[in-house]
Amino acid sequence: MTYVIGQPCVDIVDRACVDECPVDCIYEGKRALYIHPDECVDCGACEPVCPVEAIYYEDDLPDTLQPYLTDNADFFSETLSGQDAPLDSPGGAAKLGALGVDTPLVAGLPPQGDGAGE
C-alpha cells in the first residue's frame, strides 16, 4: 500500500508534503509531484499538509482519481526508464531535484488553476 498524489497537485506543485516526508520519497516532475510506491512507508505525514488535498491513501482514493494510482507507479517504472540518470530505489528525491518530466496522463492535462503552465 502507498499514498498517491492526484490531479489537484497538477500545476500547483506545493512542496509542503516533500518537506514533511521522513523518507524523501516524493519526487518532483514537471507539472506534478509523485510518491515512489516502493519507498513510501505509509506514515501519512504528507496527507494533512497538502494545501489542495491531492494526497490520498491508496484505499481511500476517490473513483475519479483512481487512474493516478497506476500513474504514480508508472512515473518510476516507465516515465523515468529512459532518463540519462537512472533512478535507484531507494534513492531519495532530494538529491535528484526536479526531474522535468511527467507521465502521459499528467502531461496531457490542460493547464490547471490560475497561471497554470507558467
# chains A, B, ... in the order shown; residues from 1 in each chain; ligands from 1

call {"tool": "residues_around", "arguments": {"residues": "Gln7 of chain A", "least_positions_apart": "6", "cutoff": "8 Å", "atoms": "only C-alpha atoms", "output": "count of residues only"}}
result
4

call {"tool": "residues_around", "arguments": {"residues": "Thr103 of chain A", "least_positions_apart": "2", "cutoff": "10 Å", "atoms": "only C-alpha atoms", "output": "count of residues only"}}
result
20

call {"tool": "closest_residue", "arguments": {"among": "A:Leu33, A:Glu47, A:Ala16, A:Lys95", "to": "Leu61 of chain A", "atoms": "only C-alpha atoms"}}
result
A:Glu47

call {"tool": "residues_around", "arguments": {"residues": "Asp63 of chain A", "least_positions_apart": "6", "cutoff": "12 Å", "atoms": "only C-alpha atoms", "output": "list in words"}}
result
Gly6, Tyr56 and Leu69 of chain A

call {"tool": "write_last_selection", "arguments": {"atoms": "N, CA and C atoms", "output": "short mmCIF file (atom, residue, chain, number, x, y, z; two decimals), in the first residue's frame"}}
result
data_model
loop_
_atom_site.label_atom_id
_atom_site.label_comp_id
_atom_site.auth_asym_id
_atom_site.auth_seq_id
_atom_site.Cartn_x
_atom_site.Cartn_y
_atom_site.Cartn_z
N GLY A 6 -2.84 12.96 -6.57
CA GLY A 6 -3.76 13.03 -7.70
C GLY A 6 -3.78 14.37 -8.40
N TYR A 56 -3.87 10.99 -1.11
CA TYR A 56 -4.80 10.01 -0.55
C TYR A 56 -4.09 8.70 -0.28
N LEU A 69 -3.36 6.16 -9.30
CA LEU A 69 -2.68 5.08 -8.59
C LEU A 69 -1.65 4.43 -9.51
#

call {"tool": "select_by_dssp", "arguments": {"residues": "chain A", "states": "strand (DSSP E or B)", "output": "list of chain:residue names"}}
result
A:Tyr3, A:Val4, A:Ile5, A:Ile26, A:Tyr27, A:Glu28, A:Leu33, A:Tyr34, A:Ile35, A:Ile55, A:Tyr56, A:Tyr57

call {"tool": "closest_residue", "arguments": {"among": "A:Glu39, A:Asp11, A:Glu58, A:Asp19", "to": "Asp102 of chain A", "atoms": "only C-alpha atoms"}}
result
A:Asp11

call {"tool": "select_by_dssp", "arguments": {"residues": "segment 18-108 of chain A", "states": "helix (DSSP H, G or I)", "output": "count of residues only"}}
result
31

call {"tool": "closest_residue", "arguments": {"among": "A:His36, A:Tyr3, A:Cys46, A:Tyr57", "to": "Ala93 of chain A", "atoms": "only C-alpha atoms"}}
result
A:His36

call {"tool": "decode", "arguments": {"residues": "segment 20-46 of chain A", "atoms": "N, CA and C atoms", "output": "PDB file, in the first residue's frame"}}
result
ATOM      1  N   GLU A  20       7.689  17.478   4.591  1.00  0.00           N
ATOM      2  CA  GLU A  20       7.177  16.688   5.708  1.00  0.00           C
ATOM      3  C   GLU A  20       7.562  15.210   5.630  1.00  0.00           C
ATOM      4  N   CYS A  21       7.867  14.725   4.447  1.00  0.00           N
ATOM      5  CA  CYS A  21       8.132  13.299   4.235  1.00  0.00           C
ATOM      6  C   CYS A  21       9.427  12.857   4.923  1.00  0.00           C
ATOM      7  N   PRO A  22       9.342  11.910   5.861  1.00  0.00           N
ATOM      8  CA  PRO A  22      10.541  11.492   6.591  1.00  0.00           C
ATOM      9  C   PRO A  22      11.465  10.564   5.806  1.00  0.00           C
ATOM     10  N   VAL A  23      10.980  10.017   4.684  1.00  0.00           N
ATOM     11  CA  VAL A  23      11.818   9.089   3.915  1.00  0.00           C
ATOM     12  C   VAL A  23      12.167   9.619   2.528  1.00  0.00           C
ATOM     13  N   ASP A  24      11.850  10.868   2.237  1.00  0.00           N
ATOM     14  CA  ASP A  24      12.260  11.520   0.994  1.00  0.00           C
ATOM     15  C   ASP A  24      11.788  10.750  -0.242  1.00  0.00           C
ATOM     16  N   CYS A  25      10.511  10.342  -0.246  1.00  0.00           N
ATOM     17  CA  CYS A  25      10.001   9.525  -1.354  1.00  0.00           C
ATOM     18  C   CYS A  25       9.078  10.280  -2.300  1.00  0.00           C
ATOM     19  N   ILE A  26       8.995  11.599  -2.173  1.00  0.00           N
ATOM     20  CA  ILE A  26       8.126  12.389  -3.045  1.00  0.00           C
ATOM     21  C   ILE A  26       9.006  13.125  -4.046  1.00  0.00           C
ATOM     22  N   TYR A  27       8.834  12.756  -5.309  1.00  0.00           N
ATOM     23  CA  TYR A  27       9.667  13.261  -6.394  1.00  0.00           C
ATOM     24  C   TYR A  27       8.908  14.310  -7.192  1.00  0.00           C
ATOM     25  N   GLU A  28       9.648  15.258  -7.739  1.00  0.00           N
ATOM     26  CA  GLU A  28       9.040  16.352  -8.481  1.00  0.00           C
ATOM     27  C   GLU A  28       9.206  16.147  -9.977  1.00  0.00           C
ATOM     28  N   GLY A  29       8.068  16.089 -10.661  1.00  0.00           N
ATOM     29  CA  GLY A  29       8.071  16.055 -12.118  1.00  0.00           C
ATOM     30  C   GLY A  29       8.027  17.478 -12.641  1.00  0.00           C
ATOM     31  N   LYS A  30       7.574  17.638 -13.864  1.00  0.00           N
ATOM     32  CA  LYS A  30       7.480  18.979 -14.435  1.00  0.00           C
ATOM     33  C   LYS A  30       6.247  19.728 -13.939  1.00  0.00           C
ATOM     34  N   ARG A  31       5.098  19.010 -13.874  1.00  0.00           N
ATOM     35  CA  ARG A  31       3.836  19.664 -13.505  1.00  0.00           C
ATOM     36  C   ARG A  31       3.209  19.102 -12.244  1.00  0.00           C
ATOM     37  N   ALA A  32       3.780  18.041 -11.670  1.00  0.00           N
ATOM     38  CA  ALA A  32       3.166  17.392 -10.514  1.00  0.00           C
ATOM     39  C   ALA A  32       4.235  16.708  -9.665  1.00  0.00           C
ATOM     40  N   LEU A  33       3.824  16.286  -8.486  1.00  0.00           N
ATOM     41  CA  LEU A  33       4.662  15.503  -7.589  1.00  0.00           C
ATOM     42  C   LEU A  33       4.197  14.056  -7.626  1.00  0.00           C
ATOM     43  N   TYR A  34       5.120  13.135  -7.355  1.00  0.00           N
ATOM     44  CA  TYR A  34       4.826  11.705  -7.413  1.00  0.00           C
ATOM     45  C   TYR A  34       5.433  11.011  -6.208  1.00  0.00           C
ATOM     46  N   ILE A  35       4.686  10.095  -5.613  1.00  0.00           N
ATOM     47  CA  ILE A  35       5.173   9.330  -4.461  1.00  0.00           C
ATOM     48  C   ILE A  35       5.680   7.975  -4.952  1.00  0.00           C
ATOM     49  N   HIS A  36       6.928   7.672  -4.633  1.00  0.00           N
ATOM     50  CA  HIS A  36       7.504   6.397  -5.045  1.00  0.00           C
ATOM     51  C   HIS A  36       6.857   5.277  -4.228  1.00  0.00           C
ATOM     52  N   PRO A  37       6.135   4.345  -4.883  1.00  0.00           N
ATOM     53  CA  PRO A  37       5.402   3.328  -4.136  1.00  0.00           C
ATOM     54  C   PRO A  37       6.291   2.352  -3.368  1.00  0.00           C
ATOM     55  N   ASP A  38       7.526   2.158  -3.803  1.00  0.00           N
ATOM     56  CA  ASP A  38       8.428   1.247  -3.107  1.00  0.00           C
ATOM     57  C   ASP A  38       9.155   1.911  -1.943  1.00  0.00           C
ATOM     58  N   GLU A  39       9.199   3.233  -1.945  1.00  0.00           N
ATOM     59  CA  GLU A  39       9.910   3.957  -0.893  1.00  0.00           C
ATOM     60  C   GLU A  39       8.978   4.481   0.198  1.00  0.00           C
ATOM     61  N   CYS A  40       7.711   4.670  -0.128  1.00  0.00           N
ATOM     62  CA  CYS A  40       6.735   5.184   0.833  1.00  0.00           C
ATOM     63  C   CYS A  40       6.550   4.179   1.967  1.00  0.00           C
ATOM     64  N   VAL A  41       6.592   4.677   3.191  1.00  0.00           N
ATOM     65  CA  VAL A  41       6.425   3.813   4.366  1.00  0.00           C
ATOM     66  C   VAL A  41       5.030   3.962   4.981  1.00  0.00           C
ATOM     67  N   ASP A  42       4.134   4.580   4.258  1.00  0.00           N
ATOM     68  CA  ASP A  42       2.740   4.721   4.673  1.00  0.00           C
ATOM     69  C   ASP A  42       2.566   5.442   6.004  1.00  0.00           C
ATOM     70  N   CYS A  43       3.418   6.397   6.285  1.00  0.00           N
ATOM     71  CA  CYS A  43       3.323   7.111   7.562  1.00  0.00           C
ATOM     72  C   CYS A  43       2.185   8.129   7.567  1.00  0.00           C
ATOM     73  N   GLY A  44       1.815   8.642   6.393  1.00  0.00           N
ATOM     74  CA  GLY A  44       0.723   9.594   6.295  1.00  0.00           C
ATOM     75  C   GLY A  44       1.081  11.027   6.620  1.00  0.00           C
ATOM     76  N   ALA A  45       2.342  11.324   6.841  1.00  0.00           N
ATOM     77  CA  ALA A  45       2.735  12.688   7.200  1.00  0.00           C
ATOM     78  C   ALA A  45       2.443  13.697   6.088  1.00  0.00           C
ATOM     79  N   CYS A  46       2.463  13.249   4.862  1.00  0.00           N
ATOM     80  CA  CYS A  46       2.257  14.136   3.719  1.00  0.00           C
ATOM     81  C   CYS A  46       0.802  14.585   3.556  1.00  0.00           C
TER      82      CYS A  46
END
